[in-house]
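Q: My structure is stored as input_9.cif, with mmCIF, C-alpha atoms.
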```cif
data_start
loop_
_atom_site.label_atom_id
_atom_site.label_comp_id
_atom_site.auth_asym_id
_atom_site.auth_seq_id
_atom_site.Cartn_x
_atom_site.Cartn_y
_atom_site.Cartn_z
CA MET A 326 2.07 50.29 7.22
CA HIS A 327 5.07 48.50 5.73
CA TYR A 328 4.90 45.84 8.46
CA PHE A 329 1.24 45.11 7.67
CA GLU A 330 2.00 44.66 3.95
CA THR A 331 4.78 42.22 4.79
CA ILE A 332 2.49 40.14 7.03
CA SER A 333 -0.23 40.12 4.36
CA THR A 334 2.27 39.03 1.71
CA PHE A 335 3.60 36.32 4.02
CA LYS A 336 0.09 35.00 4.71
CA ALA A 337 -0.74 34.91 1.00
CA ARG A 338 2.47 33.01 0.21
CA LEU A 339 1.82 30.61 3.08
CA ARG A 340 -1.73 29.87 1.80
CA ARG A 341 -0.38 29.14 -1.69
CA SER A 342 2.37 26.88 -0.27
CA VAL A 343 -0.05 24.90 1.90
CA ALA A 344 -2.48 24.52 -1.00
CA GLY A 345 0.36 23.29 -3.22
CA VAL A 346 1.55 20.75 -0.66
CA LEU A 347 -1.98 19.45 -0.11
CA THR A 348 -2.43 19.09 -3.86
CA ILE A 349 0.80 17.10 -4.14
CA VAL A 350 -0.22 14.83 -1.25
CA ALA A 351 -3.64 14.24 -2.83
CA ILE A 352 -2.05 13.34 -6.16
CA ALA A 353 0.43 10.98 -4.49
CA LEU A 354 -2.33 9.21 -2.58
CA THR A 355 -4.43 8.89 -5.72
CA LEU A 356 -1.51 7.44 -7.68
CA SER A 357 -0.79 4.91 -4.94
CA PHE A 358 -4.24 3.37 -5.48
CA LEU A 359 -3.89 3.00 -9.26
CA PRO A 360 -3.05 -0.49 -10.56
CA THR A 361 0.56 -1.05 -11.53
CA SER A 362 1.52 -2.00 -15.08
CA SER A 363 2.75 -5.43 -13.92
CA ALA A 364 -0.65 -6.18 -12.41
CA LEU A 365 -2.27 -5.31 -15.73
CA ALA A 366 0.23 -7.34 -17.77
CA ALA A 367 -0.30 -10.62 -15.90
CA PRO A 368 -3.90 -11.29 -17.06
CA GLN A 369 -2.86 -10.37 -20.61
CA LEU A 370 -0.17 -13.08 -20.48
CA ALA A 371 -2.74 -15.77 -19.62
CA GLU A 372 -5.10 -14.43 -22.29
CA THR A 373 -2.37 -14.54 -24.96
CA ALA A 374 -1.49 -18.14 -24.11
CA VAL A 375 -5.12 -19.20 -24.58
CA MET A 376 -5.46 -17.42 -27.93
CA ASN A 377 -2.14 -18.66 -29.35
CA PRO A 378 -1.62 -22.46 -29.16
CA ALA A 379 2.12 -21.99 -29.80
CA LEU A 380 2.34 -20.25 -26.41
CA GLU A 381 0.54 -22.98 -24.46
CA THR A 382 1.23 -22.94 -20.74
CA SER A 383 -0.12 -25.07 -17.96
CA GLU A 384 -3.10 -23.78 -16.02
CA ALA A 385 -0.96 -23.47 -12.89
CA VAL A 386 1.54 -21.19 -14.61
CA ALA A 387 -1.26 -19.02 -16.00
CA ASN A 388 -2.84 -18.74 -12.53
CA GLU A 389 0.50 -17.78 -10.98
CA ALA A 390 1.01 -15.10 -13.60
CA ALA A 391 -2.47 -13.70 -13.02
CA ALA A 392 -2.09 -13.58 -9.21
CA PRO A 393 -0.54 -10.33 -7.99
CA SER A 394 2.54 -10.60 -5.79
CA SER A 395 2.39 -9.85 -2.09
CA ALA A 396 4.39 -6.67 -2.70
CA ALA A 397 1.88 -5.54 -5.36
CA LEU A 398 -1.02 -6.32 -3.02
CA PHE A 399 0.63 -4.30 -0.25
CA THR A 400 1.31 -1.41 -2.62
CA SER A 401 -2.25 -1.26 -3.93
CA ASN A 402 -4.02 -1.75 -0.60
CA CYS A 403 -1.74 -0.60 2.23
CA ALA A 404 1.02 1.71 1.01
CA GLY A 405 -1.26 4.74 0.89
CA CYS A 406 -0.97 4.89 4.70
CA HIS A 407 1.93 2.49 5.35
CA ALA A 408 4.54 3.37 2.72
CA HIS A 409 7.91 1.78 3.63
CA GLY A 410 6.38 0.42 6.83
CA GLY A 411 5.51 3.85 8.20
CA ASN A 412 2.13 5.33 9.07
CA VAL A 413 1.04 8.69 7.68
CA ILE A 414 -1.94 8.89 10.07
CA ARG A 415 -0.40 7.86 13.42
CA ARG A 416 3.38 7.79 13.41
CA GLY A 417 3.84 5.36 16.32
CA LYS A 418 1.44 2.78 14.87
CA ASN A 419 3.75 1.77 12.05
CA LEU A 420 4.75 -1.62 10.63
CA LYS A 421 8.32 -1.62 11.93
CA GLN A 422 9.33 -4.69 13.94
CA LYS A 423 9.62 -2.81 17.24
CA ALA A 424 6.10 -1.35 16.95
CA LEU A 425 4.59 -4.68 15.85
CA LYS A 426 6.07 -6.35 18.95
CA ARG A 427 5.00 -3.48 21.22
CA TYR A 428 1.37 -3.76 20.12
CA GLY A 429 1.28 -7.58 19.95
CA TYR A 430 1.25 -7.96 16.16
CA ASP A 431 4.56 -9.75 15.70
CA ASP A 432 2.87 -12.91 14.40
CA VAL A 433 1.59 -13.46 10.83
CA THR A 434 -1.79 -14.66 12.16
CA LYS A 435 -2.26 -11.51 14.24
CA ILE A 436 -1.20 -9.28 11.34
CA ALA A 437 -3.73 -11.08 9.11
CA GLN A 438 -6.39 -10.55 11.78
CA ILE A 439 -5.91 -6.77 11.87
CA ILE A 440 -5.89 -6.65 8.05
CA THR A 441 -9.15 -8.63 7.98
CA TYR A 442 -11.07 -6.85 10.75
CA GLY A 443 -9.27 -3.50 11.07
CA LYS A 444 -8.83 -1.69 14.36
CA GLY A 445 -9.58 1.86 15.45
CA ILE A 446 -9.23 4.13 12.42
CA MET A 447 -7.67 1.39 10.28
CA SER A 448 -10.18 0.00 7.81
CA ALA A 449 -11.02 -3.69 7.56
CA TYR A 450 -10.06 -5.42 4.32
CA GLY A 451 -11.83 -8.75 4.88
CA ASP A 452 -14.61 -7.71 2.54
CA ARG A 453 -12.22 -6.58 -0.23
CA LEU A 454 -9.46 -9.20 -0.20
CA THR A 455 -9.47 -13.00 -0.24
CA ASP A 456 -8.01 -14.99 2.65
CA GLU A 457 -5.04 -15.87 0.41
CA GLU A 458 -4.39 -12.21 -0.40
CA ILE A 459 -4.63 -11.23 3.28
CA GLY A 460 -2.23 -14.04 4.18
CA ALA A 461 0.21 -12.90 1.48
CA ILE A 462 0.12 -9.30 2.73
CA ALA A 463 0.55 -10.42 6.36
CA GLN A 464 3.58 -12.53 5.42
CA TYR A 465 4.99 -9.63 3.38
CA VAL A 466 4.60 -7.24 6.35
CA LYS A 467 6.27 -9.74 8.70
CA THR A 468 9.18 -10.34 6.30
CA GLN A 469 9.66 -6.63 5.57
CA SER A 470 9.54 -5.70 9.26
CA GLU A 471 12.25 -8.27 9.99
CA SER A 472 14.46 -6.80 7.25
CA GLY A 473 13.84 -3.22 8.36
CA TRP A 474 11.76 -2.46 5.23
CA GLN A 475 14.90 -2.42 3.09
CA GLY A 476 13.51 -4.32 0.09
#
```
Please lay out the structure from this file as structure tokens.

A:
Amino acid sequence: MHYFETISTFKARLRRSVAGVLTIVAIALTLSFLPTSSALAAPQLAETAVMNPALETSEAVANEAAAPSSAALFTSNCAGCHAHGGNVIRRGKNLKQKALKRYGYDDVTKIAQIITYGKGIMSAYGDRLTDEEIGAIAQYVKTQSESGWQG
């Protein structure tokens, strides 16, 4: 009887542990899709310059401030599955330089193509991102893969 109670206790603890881990993963994935504070601050900068003539800036500077960086675009659109160049769904299909070369995606144009149209279980982002944003993410992936995702 003692053995049965130990197994039951173990199973109960295991269920609680798995539920806790799944909850943490769900929270982490949800947080990765929330906008960052820097992305929210950029439009406010342009807005402030328009309202206050003392802070006048050229239209080009305001547009640059409002445009999210390639790293911010990657974080908000790709890092949920590809954090630090990895892949939480399929480990071998990551964004490391060796894997990109193996699968024929070692060129910015080809990386942009898979971002735009998707492939297999990877979603297409052509309907959600502009061509400029896709190009920025593709260049970011290429640069990061060459540096071993150190930055």

Q: For stretch 463-473 of chain A, please output as JSON, numbers by chain all residues within 7 Å (counting only C-alpha atoms; exclusion window: fewer than 4 positions along the same chain).

A: {"A": [395, 396, 420, 421, 422, 433, 436, 437, 459]}

Q: How many Å separate atom CA of A:Trp474 from atom CA of A:His407?

A: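 Separation of atom CA of A:Trp474 and atom CA of A:His407: 11.0 Å.
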
Q: Any idea what the distance is between atom CA of A:Tyr428 and atom CA of A:Thr441?

A: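 Distance reported for this atom pair: 16.8 Å.
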
Q: Identify which of the residues A:Ile462, A:Gly445, A:Ile414, A:Tyr430 lies closest to A:Thr400, counting only C-alpha atoms when measuring atom-to-atom distances.

A: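 Closest to A:Thr400 of all the choices is A:Ile462.
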
Q: Can you work out the spacing between atom CA of A:Lys426 and atom CA of A:Ser448 in Å, to one decimal?

A: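 Separation of atom CA of A:Lys426 and atom CA of A:Ser448: 20.7 Å.
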